[in-house]
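Reproduced below: my_file.txt, with compact mmCIF, C-alpha atoms and all ligand atoms.
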# COMPACT_ATOMS: atom_id res chain seq x y z
CA MET A 13 -0.14 -32.10 3.53
CA ASP A 14 -1.46 -32.35 -0.04
CA GLU A 15 -1.41 -35.77 -1.70
CA ASN A 16 0.81 -34.34 -4.43
CA ASN A 17 3.38 -33.20 -1.83
CA GLY A 18 2.93 -29.63 -2.92
CA HIS A 19 3.92 -30.36 -6.51
CA ASP A 20 1.23 -28.00 -7.81
CA ASP A 21 1.29 -25.58 -4.89
CA VAL A 22 2.69 -22.07 -5.17
CA LEU A 23 3.53 -19.62 -2.39
CA VAL A 24 2.74 -15.98 -3.17
CA ILE A 25 4.16 -13.47 -0.68
CA GLY A 26 2.23 -10.19 -0.56
CA ALA A 27 -1.47 -9.65 -1.28
CA GLY A 28 -1.30 -6.34 -3.12
CA MET A 29 -2.14 -5.89 -6.79
CA ALA A 30 0.66 -8.18 -8.08
CA GLY A 31 -0.01 -10.91 -5.51
CA ILE A 32 -3.77 -10.89 -6.10
CA GLU A 33 -3.44 -10.94 -9.89
CA ALA A 34 -0.89 -13.77 -9.80
CA SER A 35 -2.88 -15.83 -7.27
CA LEU A 36 -6.07 -15.65 -9.33
CA ARG A 37 -4.24 -16.58 -12.55
CA LEU A 38 -2.43 -19.47 -10.89
CA ALA A 39 -5.68 -20.77 -9.41
CA GLN A 40 -7.35 -20.48 -12.83
CA ALA A 41 -4.55 -22.64 -14.21
CA GLY A 42 -5.26 -25.33 -11.62
CA ARG A 43 -2.57 -24.48 -9.06
CA HIS A 44 -3.17 -24.34 -5.34
CA VAL A 45 -1.99 -20.99 -3.95
CA HIS A 46 -0.91 -20.04 -0.43
CA LEU A 47 -1.18 -16.24 -0.37
CA VAL A 48 0.70 -14.82 2.61
CA GLU A 49 0.04 -11.26 3.79
CA GLU A 50 1.40 -9.63 6.94
CA ARG A 51 -1.42 -7.13 7.27
CA PRO A 52 -4.94 -7.98 8.48
CA CYS A 53 -6.44 -7.15 5.08
CA PHE A 54 -5.41 -7.59 1.46
CA GLY A 55 -5.31 -5.20 -1.49
CA GLY A 56 -1.96 -3.49 -0.80
CA SER A 57 -1.55 0.21 -1.55
CA VAL A 58 -4.41 0.38 -4.06
CA ILE A 59 -7.10 0.07 -1.39
CA ARG A 60 -6.02 3.44 -0.02
CA PHE A 61 -6.59 5.19 -3.37
CA GLU A 62 -9.84 6.67 -4.63
CA ASP A 63 -8.87 6.99 -8.30
CA ILE A 64 -6.22 5.66 -10.64
CA TYR A 65 -4.55 7.84 -13.29
CA PRO A 66 -4.68 8.69 -16.16
CA ASN A 67 -8.41 8.04 -16.66
CA MET A 68 -9.33 8.52 -13.02
CA ASP A 69 -10.86 5.06 -12.89
CA CYS A 70 -12.39 4.16 -9.55
CA ALA A 71 -9.78 2.12 -7.64
CA THR A 72 -12.40 0.25 -5.61
CA CYS A 73 -14.30 -0.73 -8.77
CA MET A 74 -11.07 -2.20 -10.11
CA ILE A 75 -9.93 -4.11 -7.05
CA ALA A 76 -13.19 -5.10 -5.30
CA PRO A 77 -14.20 -7.77 -7.86
CA LEU A 78 -10.69 -9.26 -7.66
CA GLN A 79 -10.89 -9.28 -3.86
CA GLN A 80 -14.26 -11.06 -4.00
CA ASP A 81 -12.86 -13.64 -6.46
CA LEU A 82 -9.96 -14.20 -4.09
CA LEU A 83 -12.24 -14.73 -1.08
CA GLN A 84 -14.42 -17.19 -2.98
CA ASN A 85 -11.66 -19.18 -4.67
CA ALA A 86 -11.26 -22.57 -3.00
CA SER A 87 -7.82 -22.99 -4.60
CA ILE A 88 -6.40 -19.99 -2.71
CA ASP A 89 -5.56 -20.14 1.00
CA LEU A 90 -5.58 -16.55 2.12
CA LEU A 91 -3.22 -16.22 5.07
CA THR A 92 -3.52 -12.72 6.55
CA LEU A 93 -1.53 -11.68 9.66
CA SER A 94 1.09 -14.15 8.38
CA ARG A 95 4.76 -14.08 7.52
CA VAL A 96 7.28 -16.44 6.00
CA GLU A 97 9.77 -17.54 8.66
CA LYS A 98 11.87 -20.18 6.93
CA VAL A 99 12.44 -21.57 3.43
CA SER A 100 14.54 -24.57 2.43
CA GLY A 101 14.81 -26.84 -0.59
CA ASN A 102 14.97 -26.07 -4.27
CA ALA A 103 12.78 -25.36 -7.29
CA GLY A 104 9.94 -27.87 -7.49
CA LYS A 105 10.23 -28.85 -3.82
CA PHE A 106 10.53 -25.93 -1.44
CA LYS A 107 9.62 -26.35 2.21
CA VAL A 108 8.20 -23.18 3.72
CA ARG A 109 7.35 -22.33 7.32
CA VAL A 110 4.70 -19.63 7.79
CA LYS A 111 3.69 -18.12 11.10
CA LYS A 112 0.07 -16.97 11.26
CA LYS A 113 -0.72 -14.66 14.15
CA ALA A 114 -3.87 -15.21 16.14
CA SER A 115 -6.63 -12.75 15.21
CA TYR A 116 -8.89 -13.67 18.18
CA VAL A 117 -11.94 -13.56 15.89
CA SER A 118 -13.40 -16.57 14.10
CA ALA A 119 -13.67 -15.95 10.35
CA GLU A 120 -16.23 -18.77 10.21
CA THR A 121 -18.75 -17.16 12.57
CA CYS A 122 -18.04 -13.40 12.28
CA ILE A 123 -20.48 -11.57 10.00
CA GLY A 124 -18.57 -8.27 10.05
CA CYS A 125 -21.38 -6.36 11.81
CA GLY A 126 -18.98 -4.04 13.69
CA MET A 127 -20.82 -4.20 17.04
CA CYS A 128 -17.57 -5.15 18.78
CA PHE A 129 -15.75 -2.00 17.58
CA GLU A 130 -18.49 0.19 18.93
CA ALA A 131 -18.31 -1.48 22.33
CA CYS A 132 -14.51 -1.43 22.68
CA PRO A 133 -13.44 1.33 25.12
CA VAL A 134 -9.92 1.74 23.62
CA SER A 135 -9.39 4.40 20.93
CA LEU A 136 -6.09 4.99 19.20
CA ASP A 137 -4.69 6.48 15.99
CA ASN A 138 -5.55 4.42 12.92
CA ASP A 139 -2.32 3.91 10.97
CA PHE A 140 -4.29 3.01 7.82
CA GLU A 141 -5.56 6.62 7.94
CA GLU A 142 -2.10 7.95 8.88
CA GLY A 143 -3.42 8.93 12.29
CA MET A 144 -6.12 11.22 10.85
CA ALA A 145 -8.84 8.97 12.31
CA GLN A 146 -9.18 6.70 15.30
CA ARG A 147 -9.75 2.98 15.53
CA LYS A 148 -10.48 0.57 18.35
CA ALA A 149 -8.35 -2.22 19.81
CA ILE A 150 -10.59 -4.65 17.89
CA TYR A 151 -10.78 -3.38 14.35
CA VAL A 152 -10.71 -3.69 10.59
CA PRO A 153 -8.32 -1.10 9.11
CA ALA A 154 -10.95 0.77 7.05
CA ALA A 155 -14.54 0.55 5.85
CA GLY A 156 -14.57 -1.84 2.90
CA ALA A 157 -11.28 -3.56 3.85
CA LEU A 158 -11.40 -7.29 3.13
CA PRO A 159 -11.70 -9.76 4.66
CA ASN A 160 -14.32 -7.93 6.71
CA VAL A 161 -13.36 -9.75 9.88
CA PRO A 162 -11.79 -7.77 12.71
CA SER A 163 -8.69 -8.72 14.65
CA ILE A 164 -7.56 -7.73 18.12
CA ASP A 165 -4.51 -5.51 18.47
CA THR A 166 -2.89 -7.23 21.45
CA ASP A 167 -0.54 -4.30 22.11
CA ASN A 168 -3.53 -2.12 22.96
CA CYS A 169 -6.33 -4.45 24.11
CA LEU A 170 -7.02 -4.02 27.84
CA ARG A 171 -7.26 -7.79 28.43
CA PHE A 172 -3.79 -8.33 27.00
CA LYS A 173 -2.53 -5.64 29.38
CA GLY A 174 -3.93 -7.60 32.32
CA GLU A 175 -7.02 -5.42 32.82
CA GLU A 176 -10.57 -6.67 32.92
CA CYS A 177 -12.67 -6.09 29.81
CA ASN A 178 -15.37 -8.19 28.16
CA ALA A 179 -16.98 -5.43 26.10
CA CYS A 180 -16.35 -6.95 22.66
CA ILE A 181 -17.30 -10.46 23.81
CA GLU A 182 -20.58 -9.20 25.26
CA ALA A 183 -21.33 -7.11 22.16
CA CYS A 184 -20.87 -9.99 19.71
CA MET A 185 -24.13 -11.88 19.21
CA PHE A 186 -22.37 -14.52 17.11
CA GLU A 187 -19.83 -15.68 19.69
CA ALA A 188 -17.14 -14.97 17.13
CA ILE A 189 -14.54 -13.65 19.57
CA VAL A 190 -12.06 -16.34 20.53
CA MET A 191 -9.85 -15.05 23.32
CA ASP A 192 -7.92 -18.33 23.52
CA ASP A 193 -6.98 -18.21 19.82
CA LYS A 194 -3.33 -19.17 19.27
CA ASP A 195 -0.63 -18.32 16.73
CA GLN A 196 -0.23 -21.14 14.20
CA VAL A 197 2.81 -22.52 12.45
CA LEU A 198 2.10 -23.87 8.97
CA ASP A 199 4.57 -26.08 7.11
CA LEU A 200 3.96 -25.94 3.37
CA ASP A 201 5.43 -27.81 0.41
CA VAL A 202 5.47 -25.70 -2.74
CA GLU A 203 6.98 -25.96 -6.18
CA ALA A 204 7.55 -22.22 -6.69
CA ILE A 205 7.59 -18.95 -4.76
CA LEU A 206 6.55 -15.52 -5.99
CA VAL A 207 7.67 -12.40 -4.13
CA ALA A 208 5.11 -9.60 -4.54
CA THR A 209 5.78 -7.48 -1.50
CA GLY A 210 5.27 -4.06 -3.11
CA TYR A 211 6.94 -0.83 -2.01
CA GLY A 212 7.25 1.56 0.89
CA LEU A 213 7.49 5.35 0.97
CA MET A 214 10.41 7.37 2.23
CA ASP A 215 10.04 8.61 5.79
CA LEU A 216 9.44 12.36 5.52
CA LYS A 217 10.17 13.31 9.13
CA PRO A 218 14.00 13.14 8.99
CA MET A 219 13.99 15.54 5.97
CA LYS A 220 13.37 18.55 8.17
CA ARG A 221 13.56 21.10 5.33
CA PHE A 222 10.09 20.00 4.17
CA GLY A 223 8.41 20.79 7.49
CA TYR A 224 6.54 17.49 7.72
CA GLY A 225 5.25 16.81 11.24
CA LYS A 226 6.08 20.40 12.24
CA VAL A 227 4.06 22.65 9.93
CA PRO A 228 0.37 21.77 10.49
CA ASP A 229 -0.88 21.92 6.91
CA VAL A 230 1.92 19.92 5.32
CA TYR A 231 0.57 16.48 4.35
CA SER A 232 2.11 13.33 2.92
CA SER A 233 0.81 11.92 -0.36
CA VAL A 234 -0.89 9.05 1.52
CA GLU A 235 -2.62 11.50 3.86
CA PHE A 236 -3.85 13.45 0.83
CA GLU A 237 -5.11 10.23 -0.81
CA ARG A 238 -7.03 9.41 2.36
CA LEU A 239 -8.49 12.94 2.62
CA TYR A 240 -9.82 12.55 -0.92
CA ALA A 241 -11.09 9.00 -0.38
CA SER A 242 -14.84 8.64 0.10
CA ASN A 243 -14.20 6.01 2.82
CA GLY A 244 -11.47 8.16 4.42
CA PRO A 245 -11.44 10.29 7.59
CA THR A 246 -13.21 13.29 6.00
CA GLU A 247 -15.40 11.16 3.68
CA GLY A 248 -13.70 12.72 0.70
CA GLU A 249 -13.68 16.39 1.72
CA LEU A 250 -10.34 18.08 1.08
CA LYS A 251 -9.87 20.18 4.18
CA LEU A 252 -7.18 21.62 6.39
CA ARG A 253 -6.65 20.57 9.99
CA SER A 254 -8.73 23.64 10.97
CA GLY A 255 -11.66 22.15 9.03
CA ASP A 256 -11.57 24.89 6.34
CA ALA A 257 -11.18 24.06 2.66
CA PRO A 258 -7.80 25.20 1.25
CA SER A 259 -7.91 27.93 -1.40
CA SER A 260 -4.43 27.00 -2.67
CA VAL A 261 -2.51 23.71 -2.72
CA ALA A 262 1.08 22.93 -3.73
CA VAL A 263 2.34 19.42 -4.39
CA VAL A 264 6.10 18.96 -3.98
CA GLN A 265 7.08 15.89 -5.94
CA CYS A 266 10.14 13.62 -5.77
CA VAL A 267 10.74 14.34 -2.08
CA GLY A 268 13.80 12.28 -1.17
CA ARG A 269 14.98 11.67 -4.71
CA GLU A 270 18.43 13.07 -3.84
CA GLU A 271 18.66 10.60 -0.98
CA THR A 272 17.49 7.55 -2.96
CA GLY A 273 19.42 8.41 -6.12
CA TYR A 274 16.73 7.01 -8.45
CA CYS A 275 13.51 8.18 -10.07
CA SER A 276 10.28 6.88 -8.52
CA ALA A 277 8.82 6.43 -12.02
CA VAL A 278 5.23 7.32 -11.13
CA GLY A 279 5.74 10.46 -8.99
CA CYS A 280 4.97 12.90 -11.84
CA LEU A 281 1.74 11.14 -12.75
CA ASN A 282 0.72 10.86 -9.10
CA SER A 283 1.26 14.61 -8.68
CA LEU A 284 -0.90 15.28 -11.74
CA LYS A 285 -3.53 13.00 -10.21
CA PHE A 286 -3.45 15.20 -7.09
CA ALA A 287 -3.97 18.23 -9.35
CA HIS A 288 -7.06 16.45 -10.65
CA TYR A 289 -8.22 15.77 -7.07
CA VAL A 290 -7.98 19.49 -6.23
CA ASN A 291 -9.64 20.53 -9.48
CA HIS A 292 -12.45 18.03 -8.97
CA LYS A 293 -13.26 18.89 -5.35
CA LEU A 294 -12.16 22.55 -5.20
CA PRO A 295 -12.40 23.94 -8.75
CA ASP A 296 -11.65 27.51 -7.61
CA ALA A 297 -8.49 26.59 -5.67
CA GLU A 298 -5.00 27.45 -6.97
CA MET A 299 -2.98 24.34 -7.77
CA HIS A 300 0.83 24.26 -8.08
CA VAL A 301 3.03 21.24 -8.81
CA LEU A 302 6.70 21.79 -7.87
CA HIS A 303 8.98 19.45 -9.79
CA THR A 304 12.54 19.02 -10.98
CA ASP A 305 11.43 17.00 -13.99
CA MET A 306 7.97 16.32 -15.44
CA CYS A 307 8.18 12.91 -17.03
CA VAL A 308 4.91 11.73 -18.63
CA PRO A 309 5.77 8.91 -21.02
CA GLY A 310 3.31 8.04 -23.78
CA LYS A 311 0.47 9.87 -25.50
CA THR A 312 -2.18 9.04 -22.90
CA HIS A 313 -0.11 10.41 -20.05
CA GLN A 314 0.85 13.48 -22.09
CA ARG A 315 -2.86 14.17 -22.71
CA PHE A 316 -3.49 13.79 -18.98
CA ARG A 317 -0.77 16.36 -18.22
CA ASP A 318 -2.12 18.78 -20.85
CA LYS A 319 -5.64 18.42 -19.47
CA MET A 320 -4.46 19.23 -15.94
CA VAL A 321 -2.63 22.34 -17.22
CA GLU A 322 -5.81 23.39 -19.09
CA HIS A 323 -7.66 23.01 -15.79
CA GLY A 324 -5.25 25.41 -14.12
CA ALA A 325 -2.42 23.26 -12.72
CA ASP A 326 0.67 25.49 -12.49
CA LEU A 327 3.74 23.31 -13.17
CA VAL A 328 6.72 24.98 -11.46
CA PHE A 329 10.34 23.91 -11.90
CA ALA A 330 11.77 24.12 -8.38
CA THR A 331 14.96 23.01 -6.66
CA ASP A 332 16.23 23.52 -3.10
CA VAL A 333 12.67 23.51 -1.78
CA LYS A 334 12.15 24.57 1.84
CA VAL A 335 8.77 24.54 3.55
CA GLU A 336 7.98 26.68 6.61
CA LYS A 337 5.02 27.77 8.63
CA GLY A 338 3.44 30.99 7.34
CA SER A 339 1.08 33.22 9.24
CA PRO A 340 -1.34 32.02 8.12
CA GLY A 341 -0.70 29.13 5.71
CA VAL A 342 2.53 27.60 4.51
CA LYS A 343 5.56 29.33 2.93
CA ILE A 344 7.63 27.59 0.26
CA ALA A 345 11.06 28.91 -0.73
CA TYR A 346 12.80 27.43 -3.79
CA LYS A 347 15.09 28.17 -6.71
CA ASP A 348 13.41 28.52 -10.09
CA GLY A 349 14.62 27.28 -13.49
CA ALA A 350 17.08 30.20 -13.75
CA GLY A 351 18.49 29.43 -10.29
CA LYS A 352 16.83 32.52 -8.78
CA ALA A 353 15.29 32.51 -5.32
CA ALA A 354 11.48 32.37 -5.47
CA LYS A 355 8.61 32.05 -2.99
CA LEU A 356 5.11 30.71 -2.89
CA LYS A 357 2.47 30.98 -0.19
CA VAL A 358 -0.30 28.40 -0.03
CA ASP A 359 -2.84 26.98 2.41
CA MET A 360 -1.81 23.35 1.98
CA VAL A 361 1.36 21.51 0.93
CA VAL A 362 1.36 17.86 -0.17
CA LEU A 363 4.73 16.08 -0.15
CA ALA A 364 5.06 13.16 -2.57
CA PRO A 365 7.88 11.02 -1.13
CA ALA A 366 10.15 8.72 -3.11
CA PHE A 367 9.30 5.02 -3.36
CA VAL A 368 11.58 2.81 -1.28
CA PRO A 369 11.78 -0.97 -0.72
CA SER A 370 8.98 -2.36 1.42
CA GLU A 371 9.70 -2.89 5.09
CA GLY A 372 11.21 -6.30 5.76
CA SER A 373 12.68 -6.75 2.25
CA LYS A 374 16.17 -7.49 3.59
CA GLU A 375 14.92 -10.03 6.11
CA LEU A 376 12.76 -11.79 3.50
CA ALA A 377 15.59 -11.82 0.94
CA ASP A 378 17.83 -13.50 3.55
CA ILE A 379 15.16 -16.10 4.33
CA LEU A 380 14.70 -16.85 0.61
CA GLY A 381 18.42 -16.73 -0.16
CA VAL A 382 18.01 -14.22 -3.00
CA PRO A 383 19.88 -10.91 -3.38
CA LEU A 384 18.64 -7.33 -3.25
CA ASP A 385 19.99 -4.78 -5.71
CA GLY A 386 22.05 -1.72 -4.76
CA THR A 387 18.91 0.26 -3.88
CA GLY A 388 17.47 -2.39 -1.55
CA PHE A 389 14.74 -3.68 -3.91
CA PHE A 390 14.72 -7.37 -4.93
CA ALA A 391 17.26 -7.95 -7.71
CA GLN A 392 15.63 -9.20 -10.89
CA GLY A 393 16.94 -11.18 -13.81
CA GLY A 394 19.31 -13.39 -11.84
CA ASN A 395 21.24 -16.10 -13.70
CA GLY A 396 20.73 -14.13 -16.91
CA GLY A 397 16.98 -14.79 -16.64
CA GLY A 398 14.01 -12.54 -17.38
CA PRO A 399 12.71 -9.62 -15.32
CA VAL A 400 10.54 -11.79 -13.08
CA SER A 401 13.31 -14.25 -12.20
CA THR A 402 15.65 -14.02 -9.22
CA ALA A 403 19.09 -15.52 -8.73
CA LYS A 404 17.44 -18.66 -7.32
CA GLU A 405 15.61 -21.04 -9.63
CA GLY A 406 11.94 -21.43 -8.68
CA ILE A 407 11.77 -18.07 -6.87
CA TYR A 408 10.16 -15.27 -8.88
CA VAL A 409 9.47 -11.60 -8.24
CA ALA A 410 6.87 -9.20 -9.64
CA GLY A 411 5.57 -5.67 -9.21
CA CYS A 412 7.07 -2.96 -7.03
CA ALA A 413 9.14 -5.48 -5.05
CA THR A 414 11.82 -4.84 -7.71
CA GLY A 415 11.33 -1.06 -7.94
CA PRO A 416 8.73 1.67 -8.46
CA LYS A 417 6.22 1.24 -11.28
CA GLY A 418 2.60 1.91 -12.23
CA ILE A 419 -0.33 -0.48 -11.83
CA SER A 420 -0.48 -1.63 -15.45
CA GLN A 421 3.16 -2.72 -15.34
CA VAL A 422 2.61 -4.40 -11.97
CA VAL A 423 -0.23 -6.48 -13.44
CA MET A 424 1.81 -7.30 -16.55
CA GLU A 425 4.73 -8.53 -14.44
CA ALA A 426 2.41 -10.64 -12.28
CA ASP A 427 1.12 -12.31 -15.45
CA MET A 428 4.68 -12.83 -16.70
CA ALA A 429 5.62 -14.45 -13.41
CA VAL A 430 2.60 -16.77 -13.63
CA ALA A 431 3.61 -17.77 -17.17
CA ALA A 432 7.14 -18.48 -15.95
CA ILE A 433 5.88 -20.58 -13.01
CA LEU A 434 3.47 -22.57 -15.19
CA THR A 435 6.12 -23.29 -17.80
CA GLY A 436 8.96 -23.73 -15.31
CA THR A 437 11.05 -21.18 -17.19
CA ASP A 438 12.86 -18.05 -16.06
CA GLY A 439 10.28 -15.67 -17.55
CA GLY A 440 12.75 -14.22 -20.02
CA VAL A 441 12.37 -13.71 -23.74
CA SER A 442 13.99 -16.56 -25.62
S1 LIG A 501 -16.69 -10.27 15.91
FE1 LIG A 501 -18.90 -10.32 16.29
S2 LIG A 501 -19.46 -8.21 16.74
FE2 LIG A 501 -17.42 -8.16 15.80
S3 LIG A 501 -17.82 -7.85 13.62
FE3 LIG A 501 -17.69 -10.07 13.94
S4 LIG A 501 -19.81 -10.75 14.29
FE4 LIG A 501 -19.79 -8.52 14.56
S1 LIG A 502 -11.29 -7.01 25.34
FE1 LIG A 502 -11.93 -4.87 25.62
S2 LIG A 502 -10.14 -3.65 25.06
FE2 LIG A 502 -9.83 -5.70 24.25
S3 LIG A 502 -10.60 -5.59 22.16
FE3 LIG A 502 -12.27 -6.37 23.43
S4 LIG A 502 -13.41 -4.53 23.99
FE4 LIG A 502 -11.42 -3.83 23.24
Please lay out the structure from this file as structure tokens.
Ligand code: SF4
Ligand code: SF4
Amino acid sequence: MDENNGHDDVLVIGAGMAGIEASLRLAQAGRHVHLVEERPCFGGSVIRFEDIYPNMDCATCMIAPLQQDLLQNASIDLLTLSRVEKVSGNAGKFKVRVKKKASYVSAETCIGCGMCFEACPVSLDNDFEEGMAQRKAIYVPAAGALPNVPSIDTDNCLRFKGEECNACIEACMFEAIVMDDKDQVLDLDVEAILVATGYGLMDLKPMKRFGYGKVPDVYSSVEFERLYASNGPTEGELKLRSGDAPSSVAVVQCVGREETGYCSAVGCLNSLKFAHYVNHKLPDAEMHVLHTDMCVPGKTHQRFRDKMVEHGADLVFATDVKVEKGSPGVKIAYKDGAGKAAKLKVDMVVLAPAFVPSEGSKELADILGVPLDGTGFFAQGGNGGGPVSTAKEGIYVAGCATGPKGISQVVMEADMAVAAILTGTDGGVS
């Protein structure tokens, strides 16, 4: 335990954009940060993107320097494969129990050479790539994921199924594989807690009218991001499952909005970004964006929309959208702005699902003793406090944990939360 009994320590839950930004700022201000992340790598949703709207800045160029700072910062304990199990106490003196799962690879000796992946005989769908690529039972989720230290997926490793296999151990020249690694329980004393657990996306499969999982060339927005990504399964080539390039693409935005009952705030801009992706990689392809509302707040975003229209994006008002298999291609039936039945036939459909609370939000809220709002996101502004406060003093929230928003707002909220933690205030405007 620290000599100061955790007086200057802060727990940050979630190592996406908000968690990384807040951790670095807190460390800069002299705080010791315990950054807890359930996944084997950090960077959140942004590490799956190639570009960020509206200027199409390179996402990796934005996040990679922050990731490196995080790895090199001695004031930040980066706890991947970890989750918060128990919290007690009050502001200024919380006691937190964190469970860190064994990775079976030593971060001290592993150099990230990848020889163990090549040797592993088990191949399975890589969920980071939405099943469009394979990974091994010992793996890092994607090229460039940090930390560049693999972990063993014990559900699929042959040894953990009772079979004999030493392939990864024999392949590793650095003796970095530690088959007797154990889960650890860490008891931390912290003065404040920041929830930065991000968002999830609505499950498309139950919404059968959109054909996802049934019609071959219907993709989710994450799949499309990964197809466009230079470190993705096609190394950035936009292509159909047949391997051919599509000559026409339709993005259906706000999928699931009726079910959630709220706007996902960034869906329109994301769809315009996809129009840019098509225009950039396939300049001769037709590009349609089906929407019920095209909300592009601010001059910069309006210019981005206008530029996409100039480059040929066809913005189509469409309700009651139904997606079916064509022969060939994909058929879309919808009602236009006058309520008349209309049809479109394209090679590829991209569904942009609504943002939903991240998995495990309810469980974490119960552990922390803070409420969720009526939509299942963390409730903000408790006790009449500011937007980064919760109902419990000393527990703060930032980024998409409270609802959908763009990256600039996520970063701004992380900075507000840091200011509130450093000053011991509620983060509101006095
Ligand atoms: S565990 Fe060994 S073989 Fe695998 S990446 Fe690390 S150093 Fe390379
Ligand atoms: S023990 Fe075998 S199956 Fe398990 S991770 Fe290593 S190489 Fe893969």
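Proximity to Thr304 in chain A at 10 Å, evaluated using all atoms listed in the file and with sequence-adjacent residues fewer than 5 positions away removed, yields Val264, Gln265, Cys266, Arg269, Cys280, Val328, Phe329, Ala330, Thr331, Asp332, Asp348 and Gly349 of chain A.
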Could you check how far CA of Val358 in chain A sits from CA of Glu247 in chain A, in Å to one decimal?
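Taking CA of Val358 in chain A and CA of Glu247 in chain A, their separation equals 23.2 Å.
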For Lys285 in chain A, which residue out of A:Leu356, A:Leu213, A:Met68, A:Val117 is the nearest one, using only C-alpha atoms?
A:Met68
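Distances to Leu380 in chain A were evaluated for A:Pro365, A:Gly101, A:Gly42, A:Pro153 using only C-alpha atoms, and the minimum falls at A:Gly101.
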May I ask you to write as an mmCIF file with C-alpha atoms, in the coordinates of the input all residues lying at most 10 Å from ligand LIG 502 (chain A), with all atoms listed in the file counted?
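Listing of result_22.cif after writing:
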data_model
loop_
_atom_site.group_PDB
_atom_site.id
_atom_site.type_symbol
_atom_site.label_atom_id
_atom_site.label_comp_id
_atom_site.auth_asym_id
_atom_site.auth_seq_id
_atom_site.Cartn_x
_atom_site.Cartn_y
_atom_site.Cartn_z
ATOM 1 C CA TYR A 116 -8.890 -13.670 18.180
ATOM 2 C CA CYS A 128 -17.570 -5.150 18.780
ATOM 3 C CA PHE A 129 -15.750 -2.000 17.580
ATOM 4 C CA GLU A 130 -18.490 0.190 18.930
ATOM 5 C CA ALA A 131 -18.310 -1.480 22.330
ATOM 6 C CA CYS A 132 -14.510 -1.430 22.680
ATOM 7 C CA PRO A 133 -13.440 1.330 25.120
ATOM 8 C CA VAL A 134 -9.920 1.740 23.620
ATOM 9 C CA SER A 135 -9.390 4.400 20.930
ATOM 10 C CA LYS A 148 -10.480 0.570 18.350
ATOM 11 C CA ALA A 149 -8.350 -2.220 19.810
ATOM 12 C CA ILE A 150 -10.590 -4.650 17.890
ATOM 13 C CA TYR A 151 -10.780 -3.380 14.350
ATOM 14 C CA PRO A 162 -11.790 -7.770 12.710
ATOM 15 C CA SER A 163 -8.690 -8.720 14.650
ATOM 16 C CA ILE A 164 -7.560 -7.730 18.120
ATOM 17 C CA ASP A 165 -4.510 -5.510 18.470
ATOM 18 C CA THR A 166 -2.890 -7.230 21.450
ATOM 19 C CA ASP A 167 -0.540 -4.300 22.110
ATOM 20 C CA ASN A 168 -3.530 -2.120 22.960
ATOM 21 C CA CYS A 169 -6.330 -4.450 24.110
ATOM 22 C CA LEU A 170 -7.020 -4.020 27.840
ATOM 23 C CA ARG A 171 -7.260 -7.790 28.430
ATOM 24 C CA PHE A 172 -3.790 -8.330 27.000
ATOM 25 C CA LYS A 173 -2.530 -5.640 29.380
ATOM 26 C CA GLU A 175 -7.020 -5.420 32.820
ATOM 27 C CA GLU A 176 -10.570 -6.670 32.920
ATOM 28 C CA CYS A 177 -12.670 -6.090 29.810
ATOM 29 C CA ASN A 178 -15.370 -8.190 28.160
ATOM 30 C CA ALA A 179 -16.980 -5.430 26.100
ATOM 31 C CA CYS A 180 -16.350 -6.950 22.660
ATOM 32 C CA ILE A 181 -17.300 -10.460 23.810
ATOM 33 C CA GLU A 182 -20.580 -9.200 25.260
ATOM 34 C CA ALA A 183 -21.330 -7.110 22.160
ATOM 35 C CA ILE A 189 -14.540 -13.650 19.570
ATOM 36 C CA MET A 191 -9.850 -15.050 23.320
#
Closest to ligand LIG 501 (chain A) among A:Tyr231, A:Phe106, A:Phe140, A:Phe186, using all atoms listed in the file?
A:Phe186
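Ranking A:Met127, A:Leu384, A:Leu47, A:Met428 by their shortest atom-to-atom distance to ligand LIG 501 (chain A), with only C-alpha atoms and all ligand atoms included, puts A:Met127 first.
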Residues within 8 Å of (10.1, -0.3, 3.2), file coords, all atoms listed in the file, listed as number ranges by chain
A: 211-214, 368-373
Of the candidates A:Glu237, A:Pro159, A:Pro309, A:Asp195, which shows the shortest atom-to-atom distance to ligand LIG 501 (chain A), using only C-alpha atoms and all ligand atoms?
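Of the candidates, the smallest distance to ligand LIG 501 (chain A) is held by A:Pro159.
Using all atoms listed in the file, the protein and nucleic acid residues lying no more than 12 Å from Ala119 in chain A, apart from those fewer than 5 places from it along its own chain, are A:Pro52, A:Leu83, A:Leu90, A:Leu91, A:Thr92, A:Ala114, A:Gly124, A:Leu158, A:Pro159, A:Asn160, A:Val161, A:Pro162, A:Ser163, A:Phe186, A:Glu187, A:Ala188, A:Ile189, A:Val190, A:Asp193.
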